[in-house]
Structure formats: C-alpha cells, structure tokens
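Visitor: Following this line is run-v7.txt, made up of compact mmCIF, C-alpha atoms:
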# COMPACT_ATOMS: atom_id res chain seq x y z
CA MET A 214 9.95 50.42 28.37
CA PHE A 215 8.75 47.25 30.07
CA ALA A 216 8.14 48.30 33.62
CA ALA A 217 8.61 45.74 36.37
CA LYS A 218 4.93 45.92 37.23
CA ARG A 219 3.88 44.65 33.80
CA HIS A 220 4.87 41.01 33.67
CA LEU A 221 5.44 38.93 30.59
CA ASP A 222 2.79 36.67 29.22
CA ASP A 223 3.29 33.00 28.47
CA ASP A 224 3.76 33.52 24.73
CA VAL A 225 6.91 35.52 25.30
CA LEU A 226 8.20 32.90 27.69
CA ILE A 227 7.52 30.13 25.20
CA ARG A 228 9.29 32.05 22.45
CA ARG A 229 12.24 32.45 24.72
CA TYR A 230 12.18 28.75 25.54
CA LEU A 231 12.10 27.79 21.87
CA ALA A 232 14.93 30.18 21.13
CA ASP A 233 16.96 28.65 23.96
CA ARG A 234 16.42 25.23 22.40
CA GLY A 235 17.45 26.47 18.98
CA LEU A 236 13.99 25.81 17.59
CA ALA A 237 12.97 29.37 16.88
CA ALA A 238 14.53 32.69 16.10
CA LEU A 239 13.92 35.79 18.11
CA ASP A 240 13.43 39.07 16.37
CA ALA A 241 13.92 42.67 17.35
CA SER A 242 10.51 42.92 18.97
CA ASP A 243 11.54 40.36 21.58
CA GLU A 244 14.40 42.46 22.82
CA ALA A 245 12.47 44.52 25.35
CA PRO A 246 10.54 41.62 26.92
CA LEU A 247 13.71 39.64 27.29
CA ARG A 248 15.43 42.55 28.98
CA HIS A 249 12.51 42.62 31.36
CA LEU A 250 12.88 38.92 31.99
CA ALA A 251 16.47 39.40 32.96
CA HIS A 252 15.53 41.90 35.63
CA CYS A 253 12.21 40.58 36.93
CA PRO A 254 12.50 37.76 39.47
CA ALA A 255 8.81 36.90 39.21
CA CYS A 256 8.95 36.47 35.45
CA GLU A 257 12.21 34.62 35.71
CA ALA A 258 10.63 32.21 38.21
CA ARG A 259 7.73 31.68 35.84
CA TYR A 260 10.11 31.06 33.00
CA ASP A 261 12.04 28.52 35.08
CA ALA A 262 8.81 26.74 35.95
CA LEU A 263 7.79 26.68 32.31
CA ARG A 264 11.16 25.36 31.21
CA ASP A 265 11.15 22.67 33.91
CA SER A 266 7.69 21.43 33.05
CA LEU A 267 8.41 21.32 29.32
CA ASP A 268 11.74 19.62 29.91
CA GLU A 269 10.04 17.11 32.16
CA THR A 270 7.53 16.36 29.44
CA ARG A 271 10.32 15.88 26.95
CA GLU A 272 12.16 13.52 29.25
CA ALA A 273 8.98 11.59 29.94
CA ALA A 274 8.37 11.15 26.24
CA ILE A 275 11.92 10.01 25.63
CA ALA A 276 11.78 7.62 28.59
CA THR A 277 8.54 6.17 27.34
CA ALA A 278 9.97 5.61 23.89
CA GLU A 279 13.22 4.28 25.27
CA ALA A 280 11.31 1.75 27.30
CA VAL A 281 10.09 0.30 24.03
CA CYS A 282 13.54 0.37 22.45
CA THR A 283 15.06 -2.38 24.55
CA ASP A 284 18.42 -3.79 23.56
CA ASP A 285 16.83 -7.12 22.75
CA ARG A 286 14.30 -5.53 20.47
CA LEU A 287 16.92 -3.48 18.67
CA GLU A 288 19.21 -6.47 18.28
CA HIS A 289 16.37 -8.54 16.92
CA GLN A 290 15.44 -5.72 14.58
CA ARG A 291 19.00 -5.39 13.29
CA GLU A 292 19.18 -9.13 12.65
CA ARG A 293 15.96 -9.04 10.69
CA VAL A 294 17.16 -6.09 8.60
CA LEU A 295 20.41 -7.88 7.79
CA ARG A 296 18.58 -11.11 7.02
CA ARG A 297 16.35 -9.27 4.56
CA ILE A 298 19.38 -7.74 2.93
CA ASP A 299 21.11 -11.12 2.74
CA ALA A 300 18.04 -12.52 1.07
CA MET A 301 18.14 -9.70 -1.46
CA GLN A 302 21.83 -10.18 -2.19
CA SER A 303 21.68 -13.94 -2.53
CA GLY A 304 18.89 -13.64 -5.03
CA ALA A 305 15.62 -14.34 -3.42
CA LYS A 306 13.68 -17.41 -4.48
CA VAL A 307 11.26 -16.43 -7.19
CA LEU A 308 7.91 -18.07 -6.87
CA PRO A 309 6.10 -18.52 -10.19
CA PHE A 310 3.21 -16.18 -10.52
CA PRO A 311 -0.04 -17.95 -11.45
CA ALA A 312 -0.08 -16.22 -14.84
CA ALA A 313 3.44 -17.43 -15.55
CA VAL A 314 2.50 -21.03 -14.86
CA GLN A 315 0.47 -21.12 -18.05
CA ASN A 316 3.52 -20.14 -20.06
CA GLY A 317 6.08 -22.06 -18.08
CA HIS A 318 6.94 -25.73 -17.86
CA ALA A 319 3.51 -26.53 -16.50
CA THR A 320 2.16 -26.04 -20.03
CA ALA A 321 3.94 -29.14 -21.41
CA GLN A 322 1.42 -31.58 -19.96
CA PRO A 323 -1.73 -29.86 -21.26
CA ARG A 324 -0.16 -29.62 -24.71
CA VAL A 325 0.38 -33.40 -24.89
CA LEU A 326 -3.07 -33.96 -23.55
CA ARG A 327 -4.51 -31.61 -26.14
CA ARG A 328 -2.79 -33.54 -28.94
CA TRP A 329 -4.27 -36.82 -27.72
CA VAL A 330 -7.70 -35.28 -27.55
CA ALA A 331 -7.36 -33.94 -31.10
CA ALA A 332 -6.17 -37.33 -32.38
CA ALA A 333 -9.04 -39.12 -30.64
CA ALA A 334 -11.54 -36.65 -32.10
CA ALA A 335 -10.13 -37.13 -35.62
CA ALA A 336 -10.23 -40.90 -35.25
CA GLY A 337 -13.80 -40.74 -33.97
CA LEU A 338 -14.79 -38.61 -36.93
CA LEU A 339 -13.27 -41.05 -39.41
CA VAL A 340 -14.91 -44.04 -37.78
CA GLY A 341 -18.21 -42.17 -37.71
CA LEU A 342 -17.97 -41.30 -41.39
CA ALA A 343 -17.10 -44.82 -42.39
CA THR A 344 -19.90 -46.30 -40.33
CA GLY A 345 -22.36 -43.75 -41.62
CA ARG A 346 -21.35 -44.47 -45.19
CA MET A 347 -21.76 -48.19 -44.71
CA VAL A 348 -25.13 -47.85 -43.04
CA PHE A 349 -26.60 -45.31 -45.45
CA ASN A 350 -25.28 -46.98 -48.60
CA GLY A 351 -26.88 -50.28 -47.60
CA GLY A 352 -30.18 -48.54 -46.81
CA ALA A 353 -30.19 -46.60 -50.06
CA GLU A 354 -29.68 -49.66 -52.17
CA THR A 355 -32.56 -51.46 -50.54
CA THR A 356 -34.82 -48.43 -50.97
CA ALA A 357 -33.86 -48.07 -54.62
CA ASP A 358 -34.48 -51.72 -55.30
CA ALA A 359 -37.84 -51.54 -53.64
CA GLY A 360 -38.70 -48.44 -55.68
CA ARG A 361 -37.79 -50.17 -58.90
CA GLN A 362 -39.88 -53.17 -58.00
CA ILE A 363 -42.91 -51.16 -57.04
CA ALA A 364 -42.86 -48.58 -59.84
CA PRO A 365 -43.71 -50.79 -62.85
CA ALA A 366 -46.51 -52.41 -61.00
CA SER A 367 -48.14 -49.28 -59.87
CA ALA A 368 -47.51 -47.07 -62.93
CA PRO A 369 -50.11 -48.54 -65.26
CA ALA A 370 -52.70 -48.04 -62.63
CA ALA A 371 -52.39 -44.33 -63.23
CA GLY A 372 -53.03 -43.86 -59.53
CA ARG A 373 -49.48 -43.69 -58.27
CA GLN A 374 -48.67 -42.28 -54.92
CA ALA A 375 -46.44 -39.23 -55.04
CA PRO A 376 -42.87 -40.13 -54.13
CA THR A 377 -41.91 -39.13 -50.66
CA MET A 378 -38.94 -36.91 -49.81
CA ARG A 379 -37.22 -39.90 -48.29
CA ALA A 380 -37.54 -41.76 -51.53
CA LEU A 381 -36.21 -38.83 -53.53
CA HIS A 382 -33.21 -38.34 -51.30
CA GLY A 383 -32.61 -42.00 -50.79
CA GLU A 384 -31.95 -42.83 -54.45
CA PRO A 385 -28.59 -41.45 -55.40
CA THR A 386 -28.21 -44.02 -58.13
CA LEU A 387 -31.08 -42.60 -60.26
CA SER A 388 -30.01 -40.85 -63.43
CA ASP A 389 -31.10 -37.33 -64.18
CA GLU A 390 -33.54 -38.54 -66.74
CA GLU A 391 -35.14 -40.93 -64.32
CA PHE A 392 -35.27 -38.28 -61.63
CA LEU A 393 -37.03 -35.82 -63.92
CA SER A 394 -39.48 -38.41 -65.06
CA GLU A 395 -40.25 -39.16 -61.43
CA ILE A 396 -41.11 -35.52 -60.90
CA GLU A 397 -43.19 -35.44 -64.02
CA LEU A 398 -45.02 -38.50 -62.93
CA ALA A 399 -45.70 -36.98 -59.58
CA THR A 400 -47.07 -33.79 -61.04
CA ALA A 401 -49.10 -35.64 -63.64
CA ALA A 402 -50.75 -37.94 -61.15
CA PRO A 403 -54.44 -37.11 -60.95
CA ARG A 404 -54.61 -38.34 -57.32
CA THR A 405 -52.24 -35.76 -56.12
CA ARG A 406 -54.80 -33.65 -54.39
CA GLU A 407 -52.67 -30.56 -54.06
CA LEU A 408 -51.91 -30.42 -57.74
CA ARG A 409 -55.29 -31.47 -59.00
CA ALA A 410 -56.56 -27.92 -59.54
CA ILE A 411 -53.47 -26.92 -61.48
CA TYR A 412 -53.57 -30.07 -63.44
CA ALA A 413 -57.20 -29.42 -64.47
CA ILE A 414 -56.29 -26.02 -65.80
CA THR A 415 -52.98 -26.62 -67.50
CA MET A 416 -52.66 -30.22 -68.48
CA ASP A 417 -54.70 -32.61 -70.55
CA GLU A 418 -54.90 -35.87 -68.65
CA SER A 419 -55.34 -37.98 -71.70
CA ARG A 420 -52.27 -36.52 -73.40
CA SER A 421 -49.89 -36.44 -70.54
CA LEU A 422 -50.42 -39.81 -68.99
CA PRO A 423 -49.36 -41.93 -71.98
CA ARG A 424 -46.21 -39.84 -72.45
CA THR A 425 -45.23 -40.28 -68.86
CA LEU A 426 -46.00 -43.92 -68.82
CA GLY A 427 -44.19 -44.42 -72.07
CA LYS A 428 -41.00 -43.19 -70.50
CA ASP A 429 -41.25 -45.67 -67.68
CA MET B 40 20.60 30.76 19.40
CA PRO B 41 19.58 32.05 16.02
CA VAL B 42 18.56 35.67 16.22
CA ARG B 43 17.28 37.79 13.37
CA GLY B 44 18.58 41.34 13.38
CA ASP B 45 21.63 42.83 15.04
CA ARG B 46 19.79 44.67 17.76
CA THR B 47 19.03 41.52 19.69
CA ALA B 48 22.64 40.49 19.80
CA GLU B 49 22.96 41.73 23.32
CA VAL B 50 19.71 40.40 24.65
CA PRO B 51 20.39 39.02 28.10
CA GLY B 52 19.57 35.51 29.12
CA ARG B 53 20.22 34.00 25.75
CA ALA B 54 21.88 30.65 25.83
CA ALA B 55 23.56 28.82 23.04
CA GLY B 56 20.93 26.25 22.24
CA PRO B 57 21.78 23.61 19.73
CA ALA B 58 19.33 20.79 19.69
CA ASP B 59 20.45 18.78 22.67
CA ARG B 60 20.39 15.38 21.18
CA PRO B 61 23.27 13.22 20.12
CA GLN B 62 24.07 13.61 16.46
CA PRO B 63 24.68 10.13 15.18
CA GLY B 64 25.98 11.36 11.84
CA GLY B 65 26.53 8.15 9.94
CA SER B 66 27.63 9.80 6.71
CA GLU B 67 31.00 8.08 6.82
CA GLU B 68 29.44 4.64 7.29
CA ALA B 69 26.98 5.37 4.51
CA ARG B 70 29.86 6.29 2.23
CA ARG B 71 31.59 3.03 3.10
CA VAL B 72 28.45 1.05 2.32
CA LYS B 73 28.07 2.82 -0.99
CA ALA B 74 31.70 2.28 -1.93
CA ALA B 75 31.52 -1.41 -1.03
CA VAL B 76 28.33 -1.88 -3.02
CA LEU B 77 29.89 -0.12 -6.00
CA ALA B 78 32.96 -2.33 -5.74
CA GLY B 79 30.81 -5.43 -5.46
CA GLN B 80 32.25 -6.30 -2.05
CA THR B 81 29.15 -7.84 -0.56
CA GLU B 82 30.60 -8.85 2.76
CA LEU B 83 32.17 -5.47 3.38
CA ALA B 84 28.95 -3.71 2.43
CA ARG B 85 27.01 -5.87 4.84
CA GLU B 86 29.46 -5.18 7.63
CA ALA B 87 29.37 -1.42 7.11
CA PHE B 88 25.62 -1.46 6.84
CA ALA B 89 25.29 -3.36 10.12
CA GLU B 90 27.28 -0.56 11.75
CA LEU B 91 25.08 2.04 10.13
CA VAL B 92 21.94 0.32 11.38
CA GLY B 93 23.33 0.09 14.90
CA LEU B 94 24.12 3.78 14.82
CA HIS B 95 20.71 4.97 13.78
CA GLN B 96 18.16 2.42 14.79
CA ARG B 97 17.46 3.67 18.30
CA GLN B 98 16.61 7.16 17.17
CA ALA B 99 14.79 5.78 14.17
CA MET B 100 12.70 3.61 16.43
CA ARG B 101 11.80 6.58 18.61
CA LEU B 102 10.81 8.67 15.61
CA ALA B 103 8.69 5.88 14.23
CA LEU B 104 7.07 5.41 17.61
CA TYR B 105 6.18 9.08 17.82
CA LEU B 106 4.67 9.02 14.37
CA LEU B 107 2.94 5.65 14.47
CA ARG B 108 2.32 5.22 18.20
CA ASP B 109 2.45 1.48 17.94
CA ALA B 110 5.58 -0.47 18.80
CA ALA B 111 5.05 -3.32 16.34
CA GLU B 112 4.29 -0.98 13.45
CA ALA B 113 7.22 1.24 14.34
CA ASP B 114 9.46 -1.81 14.33
CA GLU B 115 8.33 -2.80 10.86
CA ALA B 116 8.60 0.75 9.56
CA VAL B 117 12.19 1.03 10.75
CA GLN B 118 13.08 -2.27 9.11
CA ASP B 119 11.48 -1.19 5.86
CA ALA B 120 13.31 2.12 5.96
CA PHE B 121 16.69 0.45 6.45
CA VAL B 122 16.05 -1.99 3.64
CA LYS B 123 15.11 0.94 1.39
CA VAL B 124 18.32 2.69 2.37
CA PHE B 125 20.37 -0.31 1.35
CA THR B 126 18.45 -0.78 -1.86
CA HIS B 127 18.93 2.84 -2.86
CA ILE B 128 22.33 3.46 -1.36
CA LEU B 129 23.74 4.27 -4.77
CA SER B 130 21.46 7.28 -5.00
CA TYR B 131 22.71 8.63 -1.69
CA ARG B 132 24.41 11.98 -2.18
CA GLU B 133 27.57 11.96 -0.18
CA ASP B 134 27.73 15.73 0.15
CA LEU B 135 24.59 15.69 2.28
CA PRO B 136 24.25 14.34 5.82
CA PHE B 137 23.09 10.77 5.86
CA GLU B 138 20.82 11.39 8.81
CA ALA B 139 18.64 13.85 6.92
CA TRP B 140 18.32 11.46 3.98
CA PHE B 141 17.52 8.52 6.19
CA THR B 142 15.04 10.46 8.31
CA ARG B 143 13.17 11.49 5.21
CA ILE B 144 12.96 7.88 4.07
CA LEU B 145 11.76 6.81 7.49
CA ALA B 146 9.20 9.58 7.72
CA ASN B 147 7.81 8.68 4.29
CA THR B 148 7.61 5.03 5.29
CA CYS B 149 5.75 5.98 8.46
CA ARG B 150 3.45 8.25 6.51
CA ASP B 151 2.62 5.43 4.09
CA ARG B 152 1.83 3.19 7.03
CA GLN B 153 -0.35 5.87 8.59
CA LYS B 154 -2.29 6.18 5.36
CA ALA B 155 -2.69 2.42 5.11
CA ARG B 156 -3.86 2.32 8.71
CA ARG B 157 -6.42 5.03 8.10
CA ARG B 158 -7.69 3.11 5.09
CA ARG B 159 -8.00 -0.01 7.23
CA GLU B 160 -9.79 1.91 9.94
CA ARG B 161 -12.44 3.05 7.50
CA TRP B 162 -13.43 -0.57 7.02
CA GLU B 163 -13.15 -1.64 10.60
CA THR B 164 -15.95 -0.98 13.01
CA ILE B 165 -14.74 -3.07 15.88
CA GLY B 166 -11.45 -4.30 17.24
CA PHE B 167 -9.62 -1.02 17.47
CA ASP B 168 -7.26 -2.20 20.14
CA ARG B 169 -4.21 -2.29 18.00
CA ASP B 170 -4.60 0.29 15.32
CA GLY B 171 -7.87 2.08 15.42
CA GLN B 172 -7.34 4.32 18.38
CA SER B 173 -4.31 6.40 18.93
CA ARG B 174 -2.92 4.92 22.08
CA SER B 175 -1.25 6.95 24.72
CA ALA B 176 2.49 6.83 24.43
CA VAL B 177 2.62 5.55 27.99
CA GLU B 178 0.61 2.54 26.98
CA MET B 179 3.20 1.69 24.40
CA ALA B 180 5.65 0.58 27.02
CA GLN B 181 6.08 -0.69 30.51
CA ALA B 182 7.53 2.00 32.71
CA PRO B 183 11.04 1.21 33.84
CA GLY B 184 11.95 1.90 37.46
CA HIS B 185 14.42 0.96 40.09
CA SER B 186 11.85 -0.21 42.59
CA PRO B 187 8.19 -1.06 42.23
CA GLU B 188 7.31 2.13 44.09
CA ASP B 189 9.55 4.27 41.91
CA ALA B 190 8.23 2.56 38.90
CA LEU B 191 4.68 3.24 39.97
CA LEU B 192 5.30 6.91 40.73
CA GLY B 193 7.37 7.40 37.63
CA SER B 194 4.81 5.64 35.56
CA GLU B 195 2.02 7.73 37.03
CA ARG B 196 3.82 10.99 36.39
CA ARG B 197 4.73 9.98 32.87
CA ARG B 198 1.15 9.03 32.27
CA GLU B 199 0.05 12.51 33.27
CA LEU B 200 2.62 14.19 31.08
CA MET B 201 1.91 12.01 28.12
CA SER B 202 -1.80 12.52 28.59
CA ALA B 203 -1.14 16.23 28.30
CA ILE B 204 0.66 15.58 25.01
CA ASP B 205 -2.22 13.43 23.86
CA THR B 206 -4.60 16.35 24.22
CA LEU B 207 -2.90 18.09 21.31
CA PRO B 208 -4.23 17.87 17.77
CA ARG B 209 -2.47 15.20 15.76
CA ARG B 210 -0.30 17.48 13.66
CA GLN B 211 0.74 19.64 16.59
CA ARG B 212 1.54 16.54 18.59
CA ASP B 213 3.71 15.05 15.86
CA ILE B 214 5.61 18.27 15.40
CA LEU B 215 6.04 18.70 19.13
CA LEU B 216 7.43 15.19 19.47
CA LEU B 217 9.78 15.61 16.54
CA CYS B 218 11.03 19.08 17.38
CA HIS B 219 10.67 19.47 21.11
CA VAL B 220 11.28 15.89 22.20
CA GLU B 221 13.52 14.55 19.49
CA GLY B 222 15.29 17.83 18.78
CA GLN B 223 14.83 17.77 15.02
CA SER B 224 15.15 21.19 13.44
CA PRO B 225 11.97 22.78 12.04
CA ARG B 226 13.55 22.62 8.60
CA ASP B 227 14.06 18.84 8.85
CA VAL B 228 10.57 18.37 10.21
CA ALA B 229 9.22 20.47 7.37
CA GLU B 230 10.89 18.13 4.91
CA MET B 231 9.59 15.10 6.74
CA THR B 232 6.02 16.27 7.00
CA GLY B 233 5.76 18.12 3.71
CA LEU B 234 4.85 21.37 5.45
CA THR B 235 6.65 24.66 5.16
CA GLU B 236 9.18 25.58 7.77
CA SER B 237 7.14 28.52 9.00
CA THR B 238 4.08 26.31 9.37
CA VAL B 239 6.11 23.90 11.44
CA ARG B 240 7.26 26.75 13.67
CA VAL B 241 3.70 27.97 14.11
CA HIS B 242 2.47 24.48 14.99
CA LEU B 243 5.31 24.02 17.41
CA PHE B 244 4.59 27.28 19.15
CA ARG B 245 0.88 26.51 19.43
CA ALA B 246 1.62 23.00 20.64
CA LEU B 247 3.83 24.30 23.43
CA ARG B 248 1.27 26.88 24.43
CA LYS B 249 -1.46 24.27 24.57
CA LEU B 250 0.77 21.84 26.39
CA ARG B 251 1.62 24.50 28.91
CA SER B 252 -2.10 25.08 29.53
CA ALA B 253 -2.76 21.36 29.85
CA LEU B 254 0.07 20.97 32.33
CA GLU B 255 -1.17 23.96 34.32
CA ALA B 256 -4.69 22.54 34.38
CA GLY B 257 -3.34 19.20 35.56
CA ARG B 258 -1.40 20.86 38.33
CA VAL B 259 -4.47 22.77 39.47
CA ARG B 260 -6.49 19.55 39.55
CA ARG B 261 -3.85 17.90 41.71
Take the structure in the file and give it back as structure tokens.
Guide:
Amino acid sequence: MFAAKRHLDDDVLIRRYLADRGLAALDASDEAPLRHLAHCPACEARYDALRDSLDETREAAIATAEAVCTDDRLEHQRERVLRRIDAMQSGAKVLPFPAAVQNGHATAQPRVLRRWVAAAAAAGLLVGLATGRMVFNGGAETTADAGRQIAPASAPAAGRQAPTMRALHGEPTLSDEEFLSEIELATAAPRTRELRAIYAITMDESRSLPRTLGKD
Amino acid sequence: MPVRGDRTAEVPGRAAGPADRPQPGGSEEARRVKAAVLAGQTELAREAFAELVGLHQRQAMRLALYLLRDAAEADEAVQDAFVKVFTHILSYREDLPFEAWFTRILANTCRDRQKARRRRERWETIGFDRDGQSRSAVEMAQAPGHSPEDALLGSERRRELMSAIDTLPRRQRDILLLCHVEGQSPRDVAEMTGLTESTVRVHLFRALRKLRSALEAGRVRR
C-alpha cells in the first residue's frame, strides 16, 4: 500500500517514537506506515535522526537539572526536611498571637491598673461631693441671712426688686409658705415691668399689697 | 509498547518501551514510616522517613525544577512536599504506589507556588530576575564538564537544545519535560496537571512536533 517512493511524514515518525518510549499507543492505521518504515532506508534514517535529536534533548534537560541537584544541595535539603519534622514532633514553640495576649497572662496587669483607676475616680468623686457640699452650704446660709436682713427693710417700701434666680435657688432653708409668699410678692410688685400690664388688668394694687405685706 | 487492536501486533520495528527511568518505588519505606507513626515509634519513623526522602528527592527536585524553573523555589517546594507527606502519612493508601501519591503532592505544591508567583508578578513591574521571567533551564545551573573546553561545548549545545524547549508554549513544555524527559506516564501527568489523559497525549505530540521543527531550524542556521 505504502510504496517506497512515498515517504513518511514527521507525524508518523513522532508517533512511532512515542510508541517506542511507551508514551503513546499505536492503532491499526499506523500499521501500514510502520511496515513502510521497516523497508525504507531513507525513512529509517530520518527516524534515527529524529530519535537521536529528541534523545539528545532529553539528556540535555536531565543533565541541566542534575547539575542543580548536587549531592551537597540534596544533603542539605534532606537535613532541613528532617529538622522540620523534628520540630513538628517535639512540639513546636507556640508564639502567642496578638489577639491571645489580651486574654492571656498579659491581661493581669491592666486589670490591677483598672482597679486602681476606678478606686481613684471614686475617691475623687467623694472628695468633690464633700467639698462641694461644704462650699455651697456655707454660701447658701450667707445668702439666706442676707435675704432675711434685706427683706423687712425693703418690703414696706412697696418697691421691692424681684428676687433673682440665684436667690430662689440659693435658699433651701425657706419653707413652702415663705417661698410662695416670695413669688406672690414678686408678682404683686408694681415695679416689675414685665408684669405691670397683667397686674393692671387682673389685680387691685390697693388690695393685694397689704395682704402680701401682712404675711411678711 | 502498548498497541490498540490485534492487527498491529506484528508491526515491525516495535520495541518494548517502558519509560526508561529508574523506578524508585518507595512504597515499602512509606509503609514502614506509617507503621512507625501508628505505633508511636518516633525515632524509627524518622529513620524510615530519612530513607524515603533520600530515595525520592533527586527525582522530586528535577520535577520541581521543570515545573518551577527556579532552583531555590524548587528546593523549597520539595521540602514542603516531603513535610506534607510526613504530616499526612496516615492517609497514605498502602495498596497504591507511593511514588504516584508523592508526585501528586509535589505537583500540587509546585502548582500552588506557580500561582503565588503569578500573583506576585502582577504587582511587580521591575526586578524580574528571579521570578518574573521564565528562565532558560540552562541558566538554572552551571554546566558540568570534564575540561573547560568540554564544559564550554557541552554547555553551548545544551543551551541550544534547551532554547528549543523554551520555544514551546508553557503547557506543552511542562508536559514534554514530565513525559519525554522524566518518563512519567501520560496518566500520571494527567493527574498531576489536572488535564485528561488524551489532552496530555495531544500536548505531548504537538510539543514533540514543534521541538522537532525548532531543532531542524537550529540545525539549518548552523
């Protein structure tokens, strides 16, 4: 079928080479070309050349790789592998992960510190409260005394100044009755400019003033 | 030689062609390591494992070199693969050849490193000396030789041959190096690379055809 004058192409030769190396399987269609190869010196010579060049390439690749794989390198590599395995077997040293530090023994110190800070803050608060109480109590008494001294003198004049907010808040010792009368006095005062219009409409000055003054 | 169909049984010129590389085996040593680990005999396990490493590391190093094309990276990949083997020795199936199991672990390790390298390369614009460019296999090593002249000639010839290999597309080149150079079967290479066996065969055939053309072209130029 394959005449001697029709030579094989490279693909057939490569398939034959791969089959020779056990890397490929030939099928029935390769039978005739391979018969030709067996009887054609030219094709056989080409096949030999192909095989030699591919084998040479293979050997060159192996030699190149082998040049890297020196005995020293391999020995060193084996030692390192065994060292890593020894490290695994002997239980490698576990370094605490940063997240673990917060939960580990490193948390003892901050806890103590935190307690001291809390105690200092509580102590500061108590001292502050006590000091504040002392200061404000003293101030309130003086304000109240002053208020009591001023009020009788100014009340008959019917021209009392309206008590300030400070005075109202600064007299915790006033009774409810006194507090209400202070408000009444303030609203009844004809000099209170803001309330003068309301006063003119709703209240009789002559009636309200004596009642207010009578309570004082 | 594997032949499909009876009619080719008498095809002339066929030679018995097992992959002509030494078969290190190693299954027995692997079994010993596993048994020692199971028995808690640390020293014995270490001893057997050292033997196992010595048996396989040369071929492992070559495989890693072909895949990674960098001696330092190949070295690290082989170490990692051996450590993985020891760590997972209990999952080794003793009815299967150790070499196939180990090669798969090594190939996966190399593949992970390749991926990591490609990721690195995306961020690197300069300094490709080590990783960025696929170096010629010849550049990976100093050429050994008996005399300086031999070394020079040998080195020059190897450079030409390896340059021809470097002209191949990456996948074809890897498969050529694993099958043609290292003698791995297409089935093993298929498992290593995640391709089908027929795809591996096709790539191998195309790689050889292209290599043949490159070698021819080089000869014409000379």
Visitor: In Å, rounded to a single decimal, give me how far CA of His219 in chain B is from CA of Pro246 in chain A.
Guide: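 The value is 22.9 Å.
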Visitor: What is the CA of Lys73 in chain B to CA of Val294 in chain A distance in Å?
Guide: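 According to the coordinates, CA of Lys73 in chain B and CA of Val294 in chain A are separated by 17.0 Å.
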Visitor: At a cut-off of 7 Å, list the chain A residues touching chain B, using all atoms listed in the file, as a list in words.
Guide: Ala232, Asp233, Arg234, Gly235, Leu236, Ala238, Leu239, Asp240, Ala241, Glu244, Leu247, Arg248, Ala251, Thr270, Arg271, Ala273, Ala274, Ile275, Thr277, Ala278, Ala280, Val281, Cys282, Gln290, Arg291, Val294 and Ile298 of chain A
Visitor: What is the distance between CA of Leu106 in chain B and CA of Asp213 in chain B, in Å to one decimal?
Guide: 6.3 Å
Visitor: Residues proximal to (22.4, 6.4, -1.6) were defined as those with any atom within 12 Å of that point in the file's coordinates, counting all atoms listed in the file. Which are they, as a PyMOL selection string?
Guide: chain B and resi 66+68-74+76-77+88+121-141+144
Visitor: Would you give the centre and edge lengths, in Å to one decimal, of a box along x, y and z around the listed atoms of range 228-235 of chain A, with 5 Å added to each side, as AutoDock Vina command-line options?
Guide:
--center_x 13.4 --center_y 28.8 --center_z 22.3 --size_x 18.2 --size_y 17.2 --size_z 16.6
Visitor: Could you pull out every residue with an atom within 7 Å of (10.6, 28.8, 27.2), file coordinates, counting all atoms listed in the file, and send them as a count of residues only?
Guide: 9
